[in-house]
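J.: File input-v5.pdb below, PDB, C-alpha atoms and all ligand atoms:
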ATOM      1  CA  MET L 824      95.468 137.920 167.905
ATOM      2  CA  LYS L 825      92.083 136.857 166.532
ATOM      3  CA  ASP L 826      90.019 139.739 165.141
ATOM      4  CA  ALA L 827      86.633 139.264 166.745
ATOM      5  CA  ARG L 828      84.867 142.172 165.117
ATOM      6  CA  LEU L 829      81.145 142.224 165.736
ATOM      7  CA  THR L 830      80.441 144.302 162.626
ATOM      8  CA  ARG L 831      82.032 141.814 160.244
ATOM      9  CA  LYS L 832      79.915 139.617 157.958
ATOM     10  CA  GLN L 833      80.046 135.955 158.933
ATOM     11  CA  THR L 834      79.136 134.860 155.404
ATOM     12  CA  PRO L 835      79.105 136.935 152.186
ATOM     13  CA  SER L 836      75.309 137.228 152.316
ATOM     14  CA  HIS L 837      75.115 138.062 156.048
ATOM     15  CA  THR L 838      72.996 141.186 156.662
ATOM     16  CA  SER L 839      71.244 142.307 159.812
ATOM     17  CA  ALA L 840      67.929 144.109 160.020
ATOM     18  CA  ILE L 841      67.607 146.357 163.053
ATOM     19  CA  ALA L 842      64.148 146.477 164.651
ATOM     20  CA  ILE L 843      62.983 150.000 165.483
ATOM     21  CA  THR L 844      59.491 148.980 166.630
ATOM     22  CA  ASP L 845      57.569 145.739 166.333
ATOM     23  CA  ARG L 846      56.384 146.938 162.910
ATOM     24  CA  LEU L 847      59.480 148.610 161.477
ATOM     25  CA  ALA L 848      63.010 147.384 160.876
ATOM     26  CA  ILE L 849      65.870 149.032 158.978
ATOM     27  CA  GLY L 850      67.860 146.790 156.662
ATOM     28  CA  THR L 851      65.127 144.633 155.169
ATOM     29  CA  GLU L 852      64.180 144.544 151.500
ATOM     30  CA  ALA L 853      62.126 147.688 152.197
ATOM     31  CA  ILE L 854      63.906 151.059 152.121
ATOM     32  CA  THR L 855      63.413 153.180 155.264
ATOM     33  CA  LEU L 856      62.845 156.906 154.862
ATOM     34  CA  ILE L 857      63.409 159.210 157.828
ATOM     35  CA  ALA L 858      62.554 162.898 157.499
ATOM     36  CA  GLY L 859      61.968 166.004 159.553
ATOM     37  CA  PRO L 860      63.527 169.289 160.537
ATOM     38  CA  CYS L 861      67.100 169.775 161.656
ATOM     39  CA  ALA L 862      65.852 171.096 164.994
ATOM     40  CA  ILE L 863      62.598 170.706 166.874
ATOM     41  CA  GLU L 864      61.403 174.316 167.065
ATOM     42  CA  SER L 865      57.828 174.033 168.356
ATOM     43  CA  ARG L 866      54.926 171.610 168.750
ATOM     44  CA  GLU L 867      53.144 173.291 165.818
ATOM     45  CA  GLN L 868      56.156 172.788 163.593
ATOM     46  CA  MET L 869      56.472 169.067 164.406
ATOM     47  CA  GLU L 870      52.730 168.534 163.992
ATOM     48  CA  ALA L 871      52.800 170.186 160.584
ATOM     49  CA  VAL L 872      55.702 167.962 159.553
ATOM     50  CA  ALA L 873      54.117 164.747 160.832
ATOM     51  CA  ALA L 874      50.695 165.520 159.375
ATOM     52  CA  HIS L 875      52.265 166.024 155.966
ATOM     53  CA  LEU L 876      54.582 163.022 156.050
ATOM     54  CA  ALA L 877      52.368 160.391 157.718
ATOM     55  CA  PRO L 878      50.363 159.541 154.563
ATOM     56  CA  SER L 879      53.604 159.189 152.534
ATOM     57  CA  PRO L 880      56.134 156.333 152.394
ATOM     58  CA  ILE L 881      58.216 158.220 154.987
ATOM     59  CA  GLN L 882      58.137 156.073 158.112
ATOM     60  CA  MET L 883      60.195 157.854 160.742
ATOM     61  CA  LEU L 884      60.475 161.394 162.044
ATOM     62  CA  ARG L 885      63.738 163.144 162.829
ATOM     63  CA  GLY L 886      64.416 166.352 164.753
ATOM     64  CA  GLY L 887      67.090 167.534 167.147
ATOM     65  CA  ALA L 888      66.311 168.608 170.711
ATOM     66  CA  PHE L 889      69.989 168.853 171.699
ATOM     67  CA  LYS L 890      71.828 170.505 168.830
ATOM     68  CA  PRO L 891      75.603 170.427 168.288
ATOM     69  CA  ARG L 892      76.108 173.926 166.814
ATOM     70  CA  THR L 893      79.369 175.280 165.487
ATOM     71  CA  SER L 894      78.767 178.554 167.314
ATOM     72  CA  PRO L 895      77.840 178.675 171.003
ATOM     73  CA  TYR L 896      75.706 181.740 170.147
ATOM     74  CA  SER L 897      73.444 179.755 167.778
ATOM     75  CA  PHE L 898      70.181 178.085 168.899
ATOM     76  CA  GLN L 899      71.155 175.062 170.984
ATOM     77  CA  GLY L 900      67.824 173.217 170.777
ATOM     78  CA  LEU L 901      64.749 173.002 173.017
ATOM     79  CA  GLY L 902      66.301 170.279 175.156
ATOM     80  CA  ARG L 903      63.913 168.191 177.237
ATOM     81  CA  ALA L 904      60.886 170.193 176.103
ATOM     82  CA  GLY L 905      61.795 169.245 172.550
ATOM     83  CA  LEU L 906      62.012 165.578 173.473
ATOM     84  CA  GLU L 907      58.472 165.655 174.829
ATOM     85  CA  ILE L 908      57.170 167.312 171.664
ATOM     86  CA  MET L 909      58.882 164.676 169.553
ATOM     87  CA  ARG L 910      57.553 161.809 171.645
ATOM     88  CA  ASP L 911      53.961 163.123 171.619
ATOM     89  CA  VAL L 912      53.867 163.883 167.907
ATOM     90  CA  GLY L 913      55.505 160.593 166.990
ATOM     91  CA  ARG L 914      52.935 158.704 169.029
ATOM     92  CA  ALA L 915      50.003 160.680 167.686
ATOM     93  CA  TYR L 916      50.996 160.024 164.078
ATOM     94  CA  ASP L 917      52.289 156.507 164.704
ATOM     95  CA  MET L 918      55.737 157.416 163.417
ATOM     96  CA  PRO L 919      58.837 156.263 165.317
ATOM     97  CA  VAL L 920      61.277 159.080 166.104
ATOM     98  CA  VAL L 921      65.046 159.508 166.082
ATOM     99  CA  THR L 922      66.869 162.323 167.864
ATOM    100  CA  GLU L 923      70.470 163.132 168.714
ATOM    101  CA  VAL L 924      72.122 162.385 172.034
ATOM    102  CA  MET L 925      75.100 164.620 172.776
ATOM    103  CA  ALA L 926      76.105 163.580 176.259
ATOM    104  CA  VAL L 927      76.139 160.524 178.509
ATOM    105  CA  GLU L 928      73.780 162.170 180.990
ATOM    106  CA  GLN L 929      71.128 162.631 178.256
ATOM    107  CA  VAL L 930      70.987 158.954 177.286
ATOM    108  CA  GLU L 931      68.283 157.912 179.727
ATOM    109  CA  ALA L 932      65.896 160.782 178.998
ATOM    110  CA  ILE L 933      66.304 160.379 175.259
ATOM    111  CA  ALA L 934      65.863 156.609 175.392
ATOM    112  CA  ASP L 935      62.584 157.237 177.272
ATOM    113  CA  CYS L 936      61.219 159.488 174.494
ATOM    114  CA  ALA L 937      62.779 158.260 171.247
ATOM    115  CA  ASP L 938      62.683 155.012 169.296
ATOM    116  CA  MET L 939      66.254 155.480 168.070
ATOM    117  CA  LEU L 940      69.194 157.536 169.362
ATOM    118  CA  GLN L 941      71.416 159.426 166.942
ATOM    119  CA  ILE L 942      75.119 159.836 167.585
ATOM    120  CA  GLY L 943      76.105 162.856 165.504
ATOM    121  CA  SER L 944      79.228 163.245 163.411
ATOM    122  CA  ARG L 945      80.929 165.385 165.988
ATOM    123  CA  ASN L 946      80.552 162.659 168.583
ATOM    124  CA  MET L 947      81.455 159.637 166.469
ATOM    125  CA  GLN L 948      84.595 159.187 168.540
ATOM    126  CA  ASN L 949      83.156 160.236 171.887
ATOM    127  CA  PHE L 950      84.034 156.862 173.312
ATOM    128  CA  ASP L 951      82.273 157.348 176.636
ATOM    129  CA  LEU L 952      79.070 158.213 174.785
ATOM    130  CA  LEU L 953      79.473 155.201 172.485
ATOM    131  CA  LYS L 954      79.879 152.950 175.519
ATOM    132  CA  ALA L 955      76.850 154.541 177.191
ATOM    133  CA  VAL L 956      74.537 153.903 174.224
ATOM    134  CA  GLY L 957      76.055 150.429 174.117
ATOM    135  CA  GLN L 958      74.517 149.775 177.489
ATOM    136  CA  ILE L 959      70.929 150.345 176.383
ATOM    137  CA  GLU L 960      68.815 148.304 173.985
ATOM    138  CA  LYS L 961      67.356 151.073 171.829
ATOM    139  CA  PRO L 962      68.750 151.196 168.298
ATOM    140  CA  VAL L 963      71.491 153.711 167.540
ATOM    141  CA  LEU L 964      71.947 155.712 164.356
ATOM    142  CA  LEU L 965      75.697 156.260 164.168
ATOM    143  CA  LYS L 966      76.772 159.051 161.824
ATOM    144  CA  ARG L 967      80.199 159.045 160.232
ATOM    145  CA  GLY L 968      82.579 161.659 161.590
ATOM    146  CA  LEU L 969      83.326 164.704 159.431
ATOM    147  CA  ALA L 970      86.762 163.335 158.585
ATOM    148  CA  ALA L 971      86.582 159.761 159.789
ATOM    149  CA  THR L 972      88.088 156.901 157.836
ATOM    150  CA  LEU L 973      85.931 153.844 157.304
ATOM    151  CA  GLU L 974      88.116 151.983 159.794
ATOM    152  CA  GLU L 975      87.452 154.640 162.439
ATOM    153  CA  PHE L 976      83.726 154.581 161.613
ATOM    154  CA  VAL L 977      83.523 150.800 161.887
ATOM    155  CA  MET L 978      85.474 150.884 165.152
ATOM    156  CA  ALA L 979      82.983 153.392 166.579
ATOM    157  CA  ALA L 980      80.238 150.867 165.808
ATOM    158  CA  GLU L 981      82.360 148.192 167.485
ATOM    159  CA  TYR L 982      82.437 150.324 170.666
ATOM    160  CA  ILE L 983      78.640 150.331 170.813
ATOM    161  CA  MET L 984      78.243 146.659 169.950
ATOM    162  CA  SER L 985      81.000 145.391 172.233
ATOM    163  CA  SER L 986      79.353 147.291 175.087
ATOM    164  CA  GLY L 987      76.249 145.157 174.595
ATOM    165  CA  ASN L 988      73.992 146.885 172.055
ATOM    166  CA  PRO L 989      73.915 145.111 168.665
ATOM    167  CA  ASN L 990      71.311 147.504 167.224
ATOM    168  CA  VAL L 991      73.467 149.861 165.182
ATOM    169  CA  VAL L 992      72.611 151.531 161.867
ATOM    170  CA  LEU L 993      75.440 153.327 160.063
ATOM    171  CA  CYS L 994      74.888 156.696 158.344
ATOM    172  CA  GLU L 995      77.097 158.224 155.667
ATOM    173  CA  ARG L 996      76.511 161.997 155.924
ATOM    174  CA  GLY L 997      79.283 163.470 153.825
ATOM    175  CA  ILE L 998      82.939 164.051 154.544
ATOM    176  CA  ARG L 999      85.065 167.195 154.465
ATOM    177  CA  SER L1000      86.944 167.961 151.277
ATOM    178  CA  PHE L1001      88.493 170.952 149.516
ATOM    179  CA  ASP L1002      85.480 172.206 147.588
ATOM    180  CA  THR L1003      83.343 174.788 149.324
ATOM    181  CA  TYR L1004      80.452 174.570 146.829
ATOM    182  CA  THR L1005      78.881 171.717 148.758
ATOM    183  CA  ARG L1006      78.970 171.525 152.544
ATOM    184  CA  ASN L1007      80.584 168.080 152.409
ATOM    185  CA  VAL L1008      81.047 165.307 149.855
ATOM    186  CA  LEU L1009      78.553 162.435 149.938
ATOM    187  CA  ASP L1010      80.794 159.377 149.913
ATOM    188  CA  LEU L1011      78.702 156.799 148.084
ATOM    189  CA  GLY L1012      81.770 154.592 147.780
ATOM    190  CA  ALA L1013      81.616 154.341 151.551
ATOM    191  CA  VAL L1014      77.994 153.163 151.403
ATOM    192  CA  VAL L1015      79.003 150.380 149.024
ATOM    193  CA  ALA L1016      82.114 149.477 151.028
ATOM    194  CA  LEU L1017      80.316 149.452 154.379
ATOM    195  CA  LYS L1018      77.670 147.134 152.961
ATOM    196  CA  GLN L1019      80.509 144.799 151.965
ATOM    197  CA  LEU L1020      82.577 145.170 155.130
ATOM    198  CA  THR L1021      79.772 144.920 157.679
ATOM    199  CA  HIS L1022      76.407 143.208 158.124
ATOM    200  CA  LEU L1023      74.857 146.416 159.481
ATOM    201  CA  PRO L1024      72.268 148.537 157.664
ATOM    202  CA  VAL L1025      73.729 151.657 156.022
ATOM    203  CA  ILE L1026      71.668 154.757 155.331
ATOM    204  CA  ALA L1027      72.624 158.046 153.660
ATOM    205  CA  ASP L1028      72.078 161.641 154.718
ATOM    206  CA  PRO L1029      72.173 163.733 151.536
ATOM    207  CA  SER L1030      71.117 166.895 153.409
ATOM    208  CA  HIS L1031      74.228 167.367 155.545
ATOM    209  CA  ALA L1032      76.385 166.103 152.692
ATOM    210  CA  ALA L1033      75.147 168.618 150.136
ATOM    211  CA  GLY L1034      74.187 171.555 152.319
ATOM    212  CA  ARG L1035      72.044 172.727 149.369
ATOM    213  CA  ARG L1036      68.449 171.630 148.953
ATOM    214  CA  GLU L1037      68.610 171.527 145.163
ATOM    215  CA  LEU L1038      71.085 168.621 145.299
ATOM    216  CA  VAL L1039      69.192 166.482 147.788
ATOM    217  CA  ALA L1040      66.725 164.625 145.531
ATOM    218  CA  SER L1041      69.326 163.437 143.029
ATOM    219  CA  LEU L1042      71.766 162.398 145.759
ATOM    220  CA  SER L1043      68.959 160.490 147.467
ATOM    221  CA  LYS L1044      68.259 158.541 144.297
ATOM    222  CA  ALA L1045      71.950 157.792 143.825
ATOM    223  CA  ALA L1046      72.213 156.509 147.396
ATOM    224  CA  ILE L1047      69.283 154.121 146.934
ATOM    225  CA  ALA L1048      70.687 152.992 143.577
ATOM    226  CA  CYS L1049      74.026 152.064 145.155
ATOM    227  CA  GLY L1050      72.487 149.984 147.914
ATOM    228  CA  ALA L1051      71.690 152.276 150.839
ATOM    229  CA  ASP L1052      69.071 150.801 153.161
ATOM    230  CA  GLY L1053      67.431 154.153 153.740
ATOM    231  CA  LEU L1054      67.732 157.919 153.853
ATOM    232  CA  ILE L1055      67.542 160.597 156.506
ATOM    233  CA  VAL L1056      66.540 163.938 154.985
ATOM    234  CA  GLU L1057      65.866 167.382 156.463
ATOM    235  CA  CYS L1058      62.627 169.184 155.646
ATOM    236  CA  HIS L1059      60.633 172.009 157.200
ATOM    237  CA  PRO L1060      57.183 173.612 156.817
ATOM    238  CA  GLU L1061      58.952 176.912 155.969
ATOM    239  CA  PRO L1062      62.437 175.867 154.873
ATOM    240  CA  ASP L1063      63.952 179.344 154.714
ATOM    241  CA  ARG L1064      62.812 180.032 158.262
ATOM    242  CA  SER L1065      64.495 176.923 159.709
ATOM    243  CA  VAL L1066      66.469 177.935 162.778
ATOM    244  CA  SER L1067      69.282 175.614 161.706
ATOM    245  CA  ASP L1068      70.440 174.184 158.382
ATOM    246  CA  ALA L1069      67.884 176.261 156.430
ATOM    247  CA  ARG L1070      69.824 176.130 153.177
ATOM    248  CA  GLN L1071      69.555 172.352 152.949
ATOM    249  CA  ALA L1072      65.950 171.978 154.141
ATOM    250  CA  LEU L1073      63.365 170.704 151.649
ATOM    251  CA  SER L1074      59.793 171.952 151.720
ATOM    252  CA  LEU L1075      57.279 169.343 152.889
ATOM    253  CA  ASP L1076      55.935 169.042 149.346
ATOM    254  CA  ALA L1077      59.438 168.524 147.956
ATOM    255  CA  MET L1078      60.016 165.908 150.652
ATOM    256  CA  THR L1079      56.972 163.823 149.750
ATOM    257  CA  ALA L1080      57.661 164.304 146.027
ATOM    258  CA  LEU L1081      61.136 162.892 146.639
ATOM    259  CA  ALA L1082      59.674 159.918 148.502
ATOM    260  CA  ASP L1083      57.217 159.307 145.665
ATOM    261  CA  SER L1084      60.070 159.300 143.122
ATOM    262  CA  LEU L1085      61.979 156.521 144.856
ATOM    263  CA  PRO L1086      59.966 153.304 144.269
ATOM    264  CA  ALA L1087      61.200 153.073 140.665
ATOM    265  CA  ILE L1088      64.842 153.408 141.731
ATOM    266  CA  ALA L1089      64.300 150.951 144.580
ATOM    267  CA  ALA L1090      62.679 148.431 142.240
ATOM    268  CA  ALA L1091      65.652 148.666 139.871
ATOM    269  CA  VAL L1092      67.922 147.383 142.652
ATOM    270  CA  GLY L1093      65.520 144.780 144.033
ATOM    271  CA  ARG L1094      64.142 146.877 146.893
ATOM    272  CA  THR L1095      60.706 148.199 147.807
ATOM    273  CA  LEU L1096      59.155 151.186 149.548
ATOM    274  CA  PRO L1097      56.059 151.050 151.740
ATOM    275  CA  ALA L1098      52.976 152.713 150.251
ATOM    276  CA  THR L1099      52.312 154.830 153.332
ATOM    277  CA  SER L1100      54.094 155.204 156.631
ATOM    278  CA  ALA L1101      51.243 154.915 159.037
ATOM    279  CA  PRO L1102      47.535 154.445 159.566
ATOM    280  CA  LEU L1103      45.497 157.642 159.793
ATOM    281  CA  PRO L1104      46.658 159.696 162.775
ATOM    282  CA  VAL L1105      44.707 160.220 165.928
ATOM    283  CA  ALA L1106      44.480 163.812 167.151
ATOM    284  CA  VAL L1107      47.455 165.119 169.163
TER     285      VAL L1107
HETATM  286  C1  LIG G1201      71.842 166.571 162.263
HETATM  287  O1  LIG G1201      71.407 165.445 161.961
HETATM  288  O2  LIG G1201      71.110 167.580 162.352
HETATM  289  C2  LIG G1201      73.296 166.727 162.454
HETATM  290  C3  LIG G1201      73.788 167.669 163.254
HETATM  291  O3  LIG G1201      73.997 165.831 161.727
HETATM  292  P1  LIG G1201      75.576 165.582 161.643
HETATM  293  O4  LIG G1201      75.989 165.077 162.978
HETATM  294  O5  LIG G1201      75.698 164.574 160.542
HETATM  295  O6  LIG G1201      76.222 166.904 161.294
HETATM  296 MN    MN G1202      70.962 169.492 160.584
END
Show this structure as structure tokens.

T.:
Amino acid sequence: MKDARLTRKQTPSHTSAIAITDRLAIGTEAITLIAGPCAIESREQMEAVAAHLAPSPIQMLRGGAFKPRTSPYSFQGLGRAGLEIMRDVGRAYDMPVVTEVMAVEQVEAIADCADMLQIGSRNMQNFDLLKAVGQIEKPVLLKRGLAATLEEFVMAAEYIMSSGNPNVVLCERGIRSFDTYTRNVLDLGAVVALKQLTHLPVIADPSHAAGRRELVASLSKAAIACGADGLIVECHPEPDRSVSDARQALSLDAMTALADSLPAIAAAVGRTLPATSAPLPVAV
């Protein structure tokens, strides 16, 4: 039977850029940087993050309102209240936002508030959810499962695309291995392979891969050097007080310092970074 994969390159140079807004696309010559806290904790927190990042090359905000936590006793996210905070702050600072969708019944509300929907690692093979985000037009950030093969990852993207939504960005976020020093292992070979196997943009998440903030800057540089189209990185105004993933959170200063260190690496591989993410913000 003919393999009609929608992710497959039609020619060796076939790449797709995915439009996030009318002014931002992922997968162009320009690297896209996405940053923000693991979880949306308060309006003040998100404003502090956006105010710090808006004048930097970081273009998009991240933050979870619905959080997939290992323990049911851990903070589960602010839910719909968090979505509203994210939407308002993103608009005020002219930064598009991405946030995780955990269930089919959340898709509509999240699509109303966010510019991009994240499917988290734990849901990479939640086929009903993949089909549901395949029925909207908003772009989807699909994270690789904790122990997913590249074939399984690509097939998850096929679920979304074959349901009608071509706007998929792949994210390598580290895979489980035997070493407990790092949280996961950032599979840069997968970034390279996915760029060869598919025409979709591929970004890297060094934060969930490393689980340790002191590894994040170097892994970010390595990801850009090997061809990633962007990064999604966790940062927080008070990293040690993050309600989730504190150990991997960068300070806001470390986050912008990381962004400022990337143009040289990007230039070495024929890519660019925008000078700033946004025009001056209007008051929230
Ligand atoms: C996150 O982005 O905060 C997250 C939970 O990511 P992952 O699904 O990669 O663990
Ligand atoms: Mn996190």

J.: Around ligand MN 1202 (chain G), at most 7 Å away and counting all atoms listed in the file, which residues are there? Put them as a count of residues only, please.

T.: 6

J.: Go through the chains and note each residue within 6 Å of ligand LIG 1201 (chain G), using only C-alpha atoms and all ligand atoms, then give the set as a list in words.

T.: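 I would give the residues around ligand LIG 1201 (chain G) as Cys861, Gly943, Ser944, Arg945, Lys966, Arg996 and His1031 of chain L.
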
J.: Please report the interatomic distance between CA of Val921 (chain L) and CA of Val992 (chain L) in Å with one decimal.

T.: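 Between these atoms lies a distance of 11.8 Å.
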
J.: Running the PyMOL selection byres (((chain L and resi 1094) around 12) and not hetatm) on this model by hand, what would come out? Give it as a compact mmCIF listing (two decimals) with C-alpha atoms, in the frame of the given file.

T.:
# COMPACT_ATOMS: atom_id res chain seq x y z
CA GLY L 850 67.86 146.79 156.66
CA THR L 851 65.13 144.63 155.17
CA GLU L 852 64.18 144.54 151.50
CA ALA L 853 62.13 147.69 152.20
CA ILE L 854 63.91 151.06 152.12
CA THR L 855 63.41 153.18 155.26
CA ILE L 1047 69.28 154.12 146.93
CA ALA L 1048 70.69 152.99 143.58
CA CYS L 1049 74.03 152.06 145.16
CA GLY L 1050 72.49 149.98 147.91
CA ALA L 1051 71.69 152.28 150.84
CA ASP L 1052 69.07 150.80 153.16
CA GLY L 1053 67.43 154.15 153.74
CA LEU L 1085 61.98 156.52 144.86
CA PRO L 1086 59.97 153.30 144.27
CA ALA L 1087 61.20 153.07 140.66
CA ILE L 1088 64.84 153.41 141.73
CA ALA L 1089 64.30 150.95 144.58
CA ALA L 1090 62.68 148.43 142.24
CA ALA L 1091 65.65 148.67 139.87
CA VAL L 1092 67.92 147.38 142.65
CA GLY L 1093 65.52 144.78 144.03
CA THR L 1095 60.71 148.20 147.81
CA LEU L 1096 59.16 151.19 149.55
CA PRO L 1097 56.06 151.05 151.74

J.: When you look at region 888-893 of chain L with a cut-off of 8 Å (counting all atoms listed in the file), what residues show up, excluding the ones that are within fewer than 6 positions of it in the same chain? I need them as a list in words.

T.: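 Listed by chain and then number, they are Ala862, Ile863, Gln899, Gly900, Leu901, Gly902, Arg903, Ala904, Gly905, Leu906, Thr922, Glu923, Val924, Met925 and Arg945 of chain L.
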
J.: What gap, in Å, lies between CA of Ile881 (chain L) and CA of Thr838 (chain L)?

T.: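 It comes out at 22.6 Å.
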